[in-house]
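Accompanying notes for the structure given below.
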Amino acid sequence: MALADKLRMKGAERGRMNTTSGPRIGVALGGGSARGLTHIPYIEAMDELGLKPSVISGTSIGALIGSGWAAGMSGKELREHSFEVLGTLRTIAAKLWATQIRGIGGLLKNGISMQLDATSIVDAFSPPGFPKEFKDLKVPLYVVATDFQSWHQVVFNSGLLRPAIAGSLAIPSFFKPVIYNNHILVDGGVVNPLPLDQADIDTDFLIGIDVAGDPSANISKTDHKAIDIWFGSAQIMMHSLTAHMMAAYPPDIYIRPRVAQFGAMEFWRVREIIRHAEAEKDRFKWMLESKVEAYIQNRVQPVATPPR
(Lines give C-alpha, C1' and ligand atoms only; values in the text may rest on other atoms or scores of the structure.)
Protein backbone atom coordinates (compact mmCIF):
# COMPACT_ATOMS: atom_id res chain seq x y z
CA MET A 1 0.00 0.00 0.00
CA ALA A 2 1.33 3.44 -0.93
CA LEU A 3 2.47 5.70 1.90
CA ALA A 4 -0.11 8.36 1.06
CA ASP A 5 -2.91 5.73 1.19
CA LYS A 6 -1.73 4.56 4.61
CA LEU A 7 -1.84 8.13 5.80
CA ARG A 8 -5.36 8.63 4.55
CA MET A 9 -6.47 5.52 6.46
CA LYS A 10 -4.71 6.68 9.62
CA GLY A 11 -6.16 10.16 9.24
CA ALA A 12 -9.65 8.67 9.02
CA GLU A 13 -9.04 6.56 12.14
CA ARG A 14 -7.94 9.61 14.10
CA GLY A 15 -10.71 11.81 12.77
CA ARG A 16 -8.15 14.17 11.30
CA MET A 17 -8.93 14.13 7.61
CA ASN A 18 -7.62 17.47 6.39
CA THR A 19 -5.65 18.89 3.49
CA THR A 20 -2.61 16.82 4.40
CA SER A 21 -4.51 13.53 5.01
CA GLY A 22 -2.24 12.62 7.88
CA PRO A 23 0.40 14.19 10.08
CA ARG A 24 0.88 17.91 9.87
CA ILE A 25 4.36 18.47 8.46
CA GLY A 26 6.20 21.75 8.86
CA VAL A 27 9.06 22.45 6.46
CA ALA A 28 11.65 25.20 6.94
CA LEU A 29 13.60 26.15 3.81
CA GLY A 30 16.83 27.96 4.59
CA GLY A 31 18.73 30.70 2.81
CA GLY A 32 21.90 30.16 0.83
CA SER A 33 21.64 32.08 -2.47
CA ALA A 34 22.27 29.77 -5.46
CA ARG A 35 22.87 26.86 -3.14
CA GLY A 36 19.22 27.12 -2.21
CA LEU A 37 18.34 25.49 -5.53
CA THR A 38 19.10 22.23 -3.72
CA HIS A 39 15.71 22.60 -2.02
CA ILE A 40 14.05 21.42 -5.22
CA PRO A 41 15.03 17.70 -5.14
CA TYR A 42 13.74 17.42 -1.57
CA ILE A 43 10.42 18.92 -2.64
CA GLU A 44 10.36 16.37 -5.47
CA ALA A 45 11.00 13.61 -2.93
CA MET A 46 7.96 14.65 -0.91
CA ASP A 47 5.90 14.76 -4.12
CA GLU A 48 7.02 11.21 -4.95
CA LEU A 49 5.87 10.04 -1.51
CA GLY A 50 2.54 11.80 -1.93
CA LEU A 51 3.21 14.07 1.05
CA LYS A 52 2.39 17.76 1.28
CA PRO A 53 3.38 20.17 4.04
CA SER A 54 0.84 21.89 6.23
CA VAL A 55 3.19 24.80 6.91
CA ILE A 56 6.13 26.16 4.90
CA SER A 57 8.56 28.77 6.17
CA GLY A 58 11.37 30.29 4.18
CA THR A 59 14.27 32.67 4.40
CA SER A 60 15.85 34.34 1.34
CA ILE A 61 15.87 31.88 -1.58
CA GLY A 62 14.00 29.50 0.69
CA ALA A 63 11.19 32.06 0.76
CA LEU A 64 11.24 32.35 -3.03
CA ILE A 65 11.20 28.60 -3.71
CA GLY A 66 8.83 28.04 -0.80
CA SER A 67 6.35 30.51 -2.26
CA GLY A 68 6.23 28.57 -5.50
CA TRP A 69 5.67 25.36 -3.56
CA ALA A 70 2.99 27.00 -1.43
CA ALA A 71 1.31 28.28 -4.59
CA GLY A 72 0.84 24.70 -5.77
CA MET A 73 3.89 24.14 -7.98
CA SER A 74 5.31 20.63 -7.85
CA GLY A 75 9.00 19.94 -7.44
CA LYS A 76 9.17 19.04 -11.12
CA GLU A 77 7.56 22.34 -12.09
CA LEU A 78 9.97 24.24 -9.85
CA ARG A 79 12.87 22.43 -11.52
CA GLU A 80 11.64 23.18 -15.04
CA HIS A 81 11.02 26.84 -14.21
CA SER A 82 14.49 27.16 -12.68
CA PHE A 83 16.07 25.68 -15.80
CA GLU A 84 14.09 28.09 -17.95
CA VAL A 85 15.00 31.31 -16.12
CA LEU A 86 18.47 30.43 -14.79
CA GLY A 87 19.78 27.99 -17.37
CA THR A 88 22.49 30.20 -18.88
CA LEU A 89 24.48 33.28 -18.01
CA ARG A 90 22.95 35.01 -21.02
CA THR A 91 19.41 34.33 -19.80
CA ILE A 92 20.18 35.63 -16.32
CA ALA A 93 22.05 38.67 -17.63
CA ALA A 94 19.17 39.59 -19.94
CA LYS A 95 16.68 39.49 -17.07
CA LEU A 96 18.95 41.44 -14.75
CA TRP A 97 19.59 44.07 -17.41
CA ALA A 98 15.89 44.41 -18.06
CA THR A 99 15.15 44.92 -14.36
CA GLN A 100 17.88 47.54 -14.00
CA ILE A 101 17.18 49.61 -17.07
CA ARG A 102 13.52 49.08 -18.00
CA GLY A 103 14.05 50.97 -21.22
CA ILE A 104 16.01 54.12 -22.11
CA GLY A 105 13.71 56.22 -19.94
CA GLY A 106 14.69 54.22 -16.86
CA LEU A 107 18.38 54.64 -17.67
CA LEU A 108 18.08 58.43 -18.05
CA LYS A 109 15.97 58.79 -14.94
CA ASN A 110 17.71 56.43 -12.54
CA GLY A 111 21.18 55.86 -13.92
CA ILE A 112 22.88 52.50 -13.42
CA SER A 113 23.01 51.35 -9.81
CA MET A 114 25.42 48.67 -8.64
CA GLN A 115 22.69 47.45 -6.31
CA LEU A 116 19.86 45.36 -7.68
CA ASP A 117 16.21 45.99 -6.94
CA ALA A 118 14.98 42.89 -5.12
CA THR A 119 11.31 43.47 -5.95
CA SER A 120 12.12 43.68 -9.67
CA ILE A 121 14.15 40.48 -9.36
CA VAL A 122 11.20 38.64 -7.84
CA ASP A 123 8.97 39.95 -10.65
CA ALA A 124 11.47 38.92 -13.33
CA PHE A 125 12.10 35.38 -12.10
CA SER A 126 8.59 34.44 -10.92
CA PRO A 127 6.40 32.29 -13.19
CA PRO A 128 3.45 33.84 -15.03
CA GLY A 129 0.29 34.07 -12.97
CA PHE A 130 2.17 33.96 -9.68
CA PRO A 131 -0.13 34.80 -6.71
CA LYS A 132 -0.17 38.41 -5.56
CA GLU A 133 -1.15 37.84 -1.93
CA PHE A 134 -0.51 35.26 0.77
CA LYS A 135 -4.22 34.46 0.91
CA ASP A 136 -4.02 33.11 -2.65
CA LEU A 137 -1.53 30.40 -1.66
CA LYS A 138 -2.61 26.79 -1.18
CA VAL A 139 -0.35 26.15 1.81
CA PRO A 140 0.31 28.62 4.67
CA LEU A 141 3.65 30.34 4.12
CA TYR A 142 5.76 32.31 6.60
CA VAL A 143 8.42 34.55 5.06
CA VAL A 144 11.25 35.80 7.28
CA ALA A 145 13.08 39.08 6.64
CA THR A 146 15.23 41.37 8.79
CA ASP A 147 14.18 44.85 9.90
CA PHE A 148 17.32 46.94 9.47
CA GLN A 149 16.14 49.59 11.90
CA SER A 150 14.97 47.47 14.82
CA TRP A 151 17.49 44.59 14.29
CA HIS A 152 14.67 42.07 14.67
CA GLN A 153 13.15 39.51 12.36
CA VAL A 154 9.91 40.34 10.61
CA VAL A 155 7.58 37.50 9.65
CA PHE A 156 5.03 37.90 6.87
CA ASN A 157 2.11 35.55 6.31
CA SER A 158 -0.55 37.93 5.00
CA GLY A 159 -0.81 40.84 2.61
CA LEU A 160 1.24 41.25 -0.55
CA LEU A 161 3.53 38.34 -1.32
CA ARG A 162 6.22 39.75 -3.62
CA PRO A 163 7.54 42.62 -1.47
CA ALA A 164 7.79 40.22 1.48
CA ILE A 165 9.85 37.77 -0.58
CA ALA A 166 11.95 40.62 -1.98
CA GLY A 167 12.74 41.82 1.53
CA SER A 168 13.65 38.30 2.61
CA LEU A 169 16.22 37.87 -0.17
CA ALA A 170 17.66 41.42 -0.20
CA ILE A 171 21.30 40.50 0.51
CA PRO A 172 23.00 43.57 2.01
CA SER A 173 25.15 45.50 -0.48
CA PHE A 174 24.00 43.40 -3.45
CA PHE A 175 20.37 44.48 -3.20
CA LYS A 176 18.76 47.72 -2.18
CA PRO A 177 16.82 47.42 1.08
CA VAL A 178 13.12 46.90 0.51
CA ILE A 179 10.81 49.47 2.09
CA TYR A 180 7.53 47.75 2.85
CA ASN A 181 4.86 47.87 5.53
CA ASN A 182 6.76 50.40 7.67
CA HIS A 183 9.94 48.32 7.61
CA ILE A 184 13.32 48.68 5.92
CA LEU A 185 13.96 45.07 5.01
CA VAL A 186 17.16 43.16 4.29
CA ASP A 187 17.93 39.45 3.93
CA GLY A 188 16.23 37.26 6.52
CA GLY A 189 19.41 35.23 6.83
CA VAL A 190 20.91 38.07 8.90
CA VAL A 191 18.72 37.02 11.85
CA ASN A 192 17.16 33.64 11.01
CA PRO A 193 18.72 31.62 8.17
CA LEU A 194 16.68 28.46 8.88
CA PRO A 195 13.25 29.51 10.21
CA LEU A 196 12.34 26.39 12.18
CA ASP A 197 10.41 28.53 14.65
CA GLN A 198 7.93 29.51 11.92
CA ALA A 199 7.48 25.98 10.53
CA ASP A 200 6.93 24.54 14.01
CA ILE A 201 3.40 25.90 14.22
CA ASP A 202 0.88 23.22 15.26
CA THR A 203 2.69 20.44 13.42
CA ASP A 204 3.33 16.78 14.19
CA PHE A 205 6.90 16.85 12.99
CA LEU A 206 9.35 19.35 11.66
CA ILE A 207 11.76 19.25 8.70
CA GLY A 208 14.64 21.68 8.30
CA ILE A 209 16.61 21.97 5.06
CA ASP A 210 19.80 23.95 5.66
CA VAL A 211 21.52 25.05 2.44
CA ALA A 212 24.07 27.48 3.87
CA GLY A 213 26.85 24.96 3.24
CA ASP A 214 29.82 23.79 5.28
CA PRO A 215 33.59 24.38 5.23
CA SER A 216 34.60 20.91 4.03
CA ALA A 217 35.32 21.77 0.39
CA ASN A 218 37.49 24.80 1.21
CA ILE A 219 39.11 23.71 4.46
CA SER A 220 42.66 23.80 3.03
CA LYS A 221 42.21 26.62 0.53
CA THR A 222 44.12 29.85 1.21
CA ASP A 223 43.73 31.95 -1.95
CA HIS A 224 40.19 33.20 -1.35
CA LYS A 225 38.78 36.05 -3.39
CA ALA A 226 37.26 39.03 -1.62
CA ILE A 227 33.71 37.95 -2.48
CA ASP A 228 34.47 34.46 -1.13
CA ILE A 229 35.55 36.00 2.18
CA TRP A 230 32.36 38.10 2.29
CA PHE A 231 30.02 35.19 1.63
CA GLY A 232 32.07 32.80 3.74
CA SER A 233 31.83 35.13 6.71
CA ALA A 234 28.08 35.32 6.21
CA GLN A 235 27.96 31.50 6.16
CA ILE A 236 29.78 31.32 9.49
CA MET A 237 27.25 33.72 10.99
CA MET A 238 24.34 31.75 9.53
CA HIS A 239 25.76 28.47 10.85
CA SER A 240 25.94 29.89 14.38
CA LEU A 241 22.41 31.30 14.23
CA THR A 242 21.05 28.00 12.90
CA ALA A 243 22.69 26.07 15.75
CA HIS A 244 20.86 28.25 18.27
CA MET A 245 17.58 27.88 16.37
CA MET A 246 17.92 24.09 16.28
CA ALA A 247 18.50 24.02 20.02
CA ALA A 248 15.26 25.90 20.57
CA TYR A 249 13.24 24.11 17.86
CA PRO A 250 14.83 20.68 17.25
CA PRO A 251 13.75 19.36 13.84
CA ASP A 252 12.68 15.75 13.48
CA ILE A 253 14.53 15.64 10.18
CA TYR A 254 17.50 17.89 9.48
CA ILE A 255 19.12 18.00 6.05
CA ARG A 256 22.30 19.87 5.17
CA PRO A 257 23.47 19.04 1.64
CA ARG A 258 27.15 19.55 0.86
CA VAL A 259 27.12 22.55 -1.45
CA ALA A 260 30.37 24.34 -0.65
CA GLN A 261 31.73 23.67 -4.13
CA PHE A 262 29.09 25.98 -5.61
CA GLY A 263 29.53 29.73 -5.47
CA ALA A 264 26.81 31.64 -3.67
CA MET A 265 25.90 33.57 -6.82
CA GLU A 266 26.47 30.81 -9.41
CA PHE A 267 22.82 30.48 -10.33
CA TRP A 268 23.72 29.56 -13.92
CA ARG A 269 24.96 26.21 -12.56
CA VAL A 270 21.35 25.34 -11.72
CA ARG A 271 21.41 21.96 -13.50
CA GLU A 272 24.63 20.95 -11.81
CA ILE A 273 23.43 22.10 -8.37
CA ILE A 274 20.14 20.22 -8.62
CA ARG A 275 21.82 17.10 -10.02
CA HIS A 276 24.27 17.17 -7.12
CA ALA A 277 21.44 17.30 -4.56
CA GLU A 278 19.58 14.42 -6.22
CA ALA A 279 22.09 12.01 -4.70
CA GLU A 280 20.49 12.73 -1.31
CA LYS A 281 16.91 12.16 -2.40
CA ASP A 282 16.74 8.48 -1.53
CA ARG A 283 18.22 9.02 1.93
CA PHE A 284 15.76 11.83 2.59
CA LYS A 285 12.85 9.68 1.41
CA TRP A 286 13.97 6.87 3.70
CA MET A 287 14.16 9.26 6.66
CA LEU A 288 10.75 10.70 5.85
CA GLU A 289 9.15 7.29 5.31
CA SER A 290 10.54 6.11 8.66
CA LYS A 291 9.10 9.13 10.43
CA VAL A 292 5.69 8.76 8.79
CA GLU A 293 5.59 5.01 9.44
CA ALA A 294 6.24 5.76 13.12
CA TYR A 295 3.27 8.11 13.04
CA ILE A 296 1.09 5.49 11.39
CA GLN A 297 2.05 2.93 14.05
CA ASN A 298 1.15 5.40 16.82
CA ARG A 299 4.76 5.89 17.91
CA VAL A 300 4.36 9.61 17.15
CA GLN A 301 1.38 11.18 18.87
CA PRO A 302 -0.64 13.70 16.85
CA VAL A 303 -1.06 17.29 17.92
CA ALA A 304 -4.62 17.95 19.01
CA THR A 305 -6.60 19.73 16.33
CA PRO A 306 -7.16 23.30 17.52
CA PRO A 307 -10.77 24.42 18.04
CA ARG A 308 -12.24 26.61 15.32
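By convention in this document, the chains of the C-alpha coordinates carry letters A, B, ... by their order, each chain's residues are numbered from 1, and ligands are numbered from 1 in the order they are shown.
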
Which polymer residues have any atom within 10 Å of an atom of Gly31 in chain A, counting only C-alpha atoms, with same-chain residues fewer than 4 positions away left out, as a VMD selection string? chain A and resid 35 to 37 39 58 to 64 168 to 169 187 to 190 192 to 195 209 to 213 235 238

Mind writing the picked residues with N, CA and C atoms as a short mmCIF file (atom, residue, chain, number, x, y, z; two decimals), in the first residue's frame?
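And here's selection-v9.cif as it stands now:
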```cif
data_model
loop_
_atom_site.label_atom_id
_atom_site.label_comp_id
_atom_site.auth_asym_id
_atom_site.auth_seq_id
_atom_site.Cartn_x
_atom_site.Cartn_y
_atom_site.Cartn_z
N ARG A 35 22.87 28.19 -3.76
CA ARG A 35 22.87 26.86 -3.14
C ARG A 35 21.47 26.44 -2.72
N GLY A 36 20.59 27.41 -2.58
CA GLY A 36 19.22 27.12 -2.21
C GLY A 36 18.45 26.37 -3.28
N LEU A 37 18.99 26.29 -4.49
CA LEU A 37 18.34 25.49 -5.53
C LEU A 37 18.30 24.01 -5.15
N HIS A 39 17.01 22.90 -2.63
CA HIS A 39 15.71 22.60 -2.02
C HIS A 39 14.84 21.78 -2.97
N GLY A 58 10.20 30.12 5.04
CA GLY A 58 11.37 30.29 4.18
C GLY A 58 12.10 31.59 4.45
N THR A 59 13.41 31.51 4.32
CA THR A 59 14.27 32.67 4.40
C THR A 59 15.02 32.82 3.08
N SER A 60 15.07 34.03 2.55
CA SER A 60 15.85 34.34 1.34
C SER A 60 15.40 33.47 0.17
N ILE A 61 16.31 32.71 -0.45
CA ILE A 61 15.87 31.88 -1.58
C ILE A 61 14.90 30.80 -1.12
N GLY A 62 14.98 30.43 0.15
CA GLY A 62 14.00 29.50 0.69
C GLY A 62 12.60 30.07 0.66
N ALA A 63 12.49 31.39 0.85
CA ALA A 63 11.19 32.06 0.76
C ALA A 63 10.69 32.07 -0.68
N LEU A 64 11.62 32.30 -1.62
CA LEU A 64 11.24 32.35 -3.03
C LEU A 64 10.78 30.98 -3.53
N SER A 168 12.98 39.47 2.05
CA SER A 168 13.65 38.30 2.61
C SER A 168 14.95 37.97 1.90
N LEU A 169 15.02 38.25 0.58
CA LEU A 169 16.22 37.87 -0.17
C LEU A 169 17.13 39.05 -0.50
N ASP A 187 17.95 40.92 3.94
CA ASP A 187 17.93 39.45 3.93
C ASP A 187 17.59 38.85 5.30
N GLY A 188 16.62 37.93 5.29
CA GLY A 188 16.23 37.26 6.52
C GLY A 188 17.33 36.42 7.14
N GLY A 189 18.31 36.02 6.31
CA GLY A 189 19.41 35.23 6.83
C GLY A 189 20.27 35.96 7.84
N VAL A 190 20.14 37.28 7.92
CA VAL A 190 20.91 38.07 8.90
C VAL A 190 20.48 37.71 10.32
N ASN A 192 17.77 34.96 10.90
CA ASN A 192 17.16 33.64 11.01
C ASN A 192 17.30 32.88 9.69
N PRO A 193 18.48 32.28 9.45
CA PRO A 193 18.72 31.62 8.17
C PRO A 193 17.95 30.32 7.95
N LEU A 194 17.49 29.68 9.02
CA LEU A 194 16.68 28.46 8.88
C LEU A 194 15.49 28.60 9.82
N PRO A 195 14.35 29.11 9.33
CA PRO A 195 13.25 29.51 10.21
C PRO A 195 12.41 28.36 10.75
N ILE A 209 15.67 22.16 6.17
CA ILE A 209 16.61 21.97 5.06
C ILE A 209 17.55 23.17 5.04
N ASP A 210 18.79 22.92 5.46
CA ASP A 210 19.80 23.95 5.66
C ASP A 210 20.76 23.95 4.47
N VAL A 211 20.72 25.01 3.67
CA VAL A 211 21.52 25.05 2.44
C VAL A 211 22.64 26.08 2.51
N ALA A 212 23.01 26.48 3.72
CA ALA A 212 24.07 27.48 3.87
C ALA A 212 25.45 26.91 3.55
N GLY A 213 25.58 25.58 3.58
CA GLY A 213 26.85 24.96 3.24
C GLY A 213 27.68 24.63 4.46
N GLN A 235 28.28 32.90 5.88
CA GLN A 235 27.96 31.50 6.16
C GLN A 235 28.27 31.13 7.61
N MET A 238 25.58 32.50 9.71
CA MET A 238 24.34 31.75 9.53
C MET A 238 24.41 30.40 10.24
#
```

I'd like the neighbourhood of Tyr254 in chain A as a PDB file with N, CA and C atoms, in the first residue's frame, where a residue qualifies if any of its atoms comes within 6 Å (using only C-alpha atoms), though same-chain residues fewer than 2 positions away should be ignored.
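Final file, out_29.pdb:
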```pdb
ATOM      1  N   ILE A 207      10.638  19.498   9.616  1.00  0.00           N
ATOM      2  CA  ILE A 207      11.759  19.251   8.702  1.00  0.00           C
ATOM      3  C   ILE A 207      12.507  20.557   8.475  1.00  0.00           C
ATOM      4  N   GLY A 208      13.807  20.516   8.599  1.00  0.00           N
ATOM      5  CA  GLY A 208      14.644  21.677   8.304  1.00  0.00           C
ATOM      6  C   GLY A 208      15.644  21.344   7.208  1.00  0.00           C
ATOM      7  N   PRO A 251      14.512  19.990  14.924  1.00  0.00           N
ATOM      8  CA  PRO A 251      13.754  19.360  13.845  1.00  0.00           C
ATOM      9  C   PRO A 251      13.779  17.842  13.968  1.00  0.00           C
TER      10      PRO A 251
END
```

Report as a PyMOL selection string all protein, DNA and RNA residues lying within 8 Å of Lys138 in chain A, evaluated on only C-alpha atoms, omitting residues in the same chain fewer than 5 positions from it.
chain A and resi 70-72

Using only C-alpha atoms, the shortest atom-to-atom distance to His276 in chain A among A:Ser57, A:Val122, A:Ile25, A:Tyr42 belongs to A:Tyr42

task = Looking only at strand (DSSP E) from DSSP on the backbone, list the matching residues of range 127-176 of chain A as a PyMOL selection string.
result = chain A and resi 141-147+153-156

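Rounded to one decimal, CA of Val27 in chain A and CA of Ile56 in chain A lie 5.0 Å from each other.
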
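Here CA of Phe83 in chain A is placed at a distance of 23.0 Å from CA of Phe174 in chain A.
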
If you count only C-alpha atoms, the residue of A:Asp202, A:Glu80, A:Asp47, A:Asp252 closest to Met287 in chain A turns out to be A:Asp252

May I have the residues within 12 Å of Thr38 in chain A as an NGL selection string, using only C-alpha atoms and disregarding those fewer than 2 positions away in the same chain? :A and (29-36 or 40-45 or 61-62 or 65 or 75 or 78-79 or 82 or 209-213 or 255-260 or 262 or 267 or 269-281)

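For the atom pair formed by CA of Thr119 in chain A and CA of Gly167 in chain A, the distance is 7.8 Å, given to one decimal.
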
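Residue nearest Glu77 in chain A within the list A:Leu196, A:Leu116, A:Ala264, A:Pro127: A:Pro127 [criterion: smallest interatomic distance, only C-alpha atoms].
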
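For Lys135 in chain A, the non-local neighbours within 8 Å, defined as residues at least 2 positions apart in the same chain or in other chains and counting only C-alpha atoms, are Glu133, Leu137, Ser158 and Gly159 of chain A.
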
Okay, now the selection with N, CA, C and O atoms, as a CSV table (one decimal), in the first residue's frame?
```csv
chain,number,residue,atom,x,y,z
A,133,GLU,N,-1.0,37.7,-3.4
A,133,GLU,CA,-1.2,37.8,-1.9
A,133,GLU,C,-1.0,36.5,-1.3
A,133,GLU,O,-1.3,35.4,-1.9
A,137,LEU,N,-2.4,31.6,-1.7
A,137,LEU,CA,-1.5,30.4,-1.7
A,137,LEU,C,-2.3,29.2,-1.2
A,137,LEU,O,-3.3,29.3,-0.5
A,158,SER,N,0.7,37.4,5.6
A,158,SER,CA,-0.5,37.9,5.0
A,158,SER,C,-0.2,39.2,4.2
A,158,SER,O,1.0,39.7,4.3
A,159,GLY,N,-1.1,39.7,3.4
A,159,GLY,CA,-0.8,40.8,2.6
A,159,GLY,C,-0.1,40.5,1.3
A,159,GLY,O,-0.2,39.4,0.8
```

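Restricting the calculation to only C-alpha atoms, the smallest distance between Ser126 in chain A and any of A:Pro140, A:Pro177, A:Gly66, A:Gly50 is found for A:Gly66.
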
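Using only C-alpha atoms, the nearest neighbour of Asp228 in chain A within the list A:Ile201, A:Met265, A:Ala243, A:Ile253 is A:Met265.
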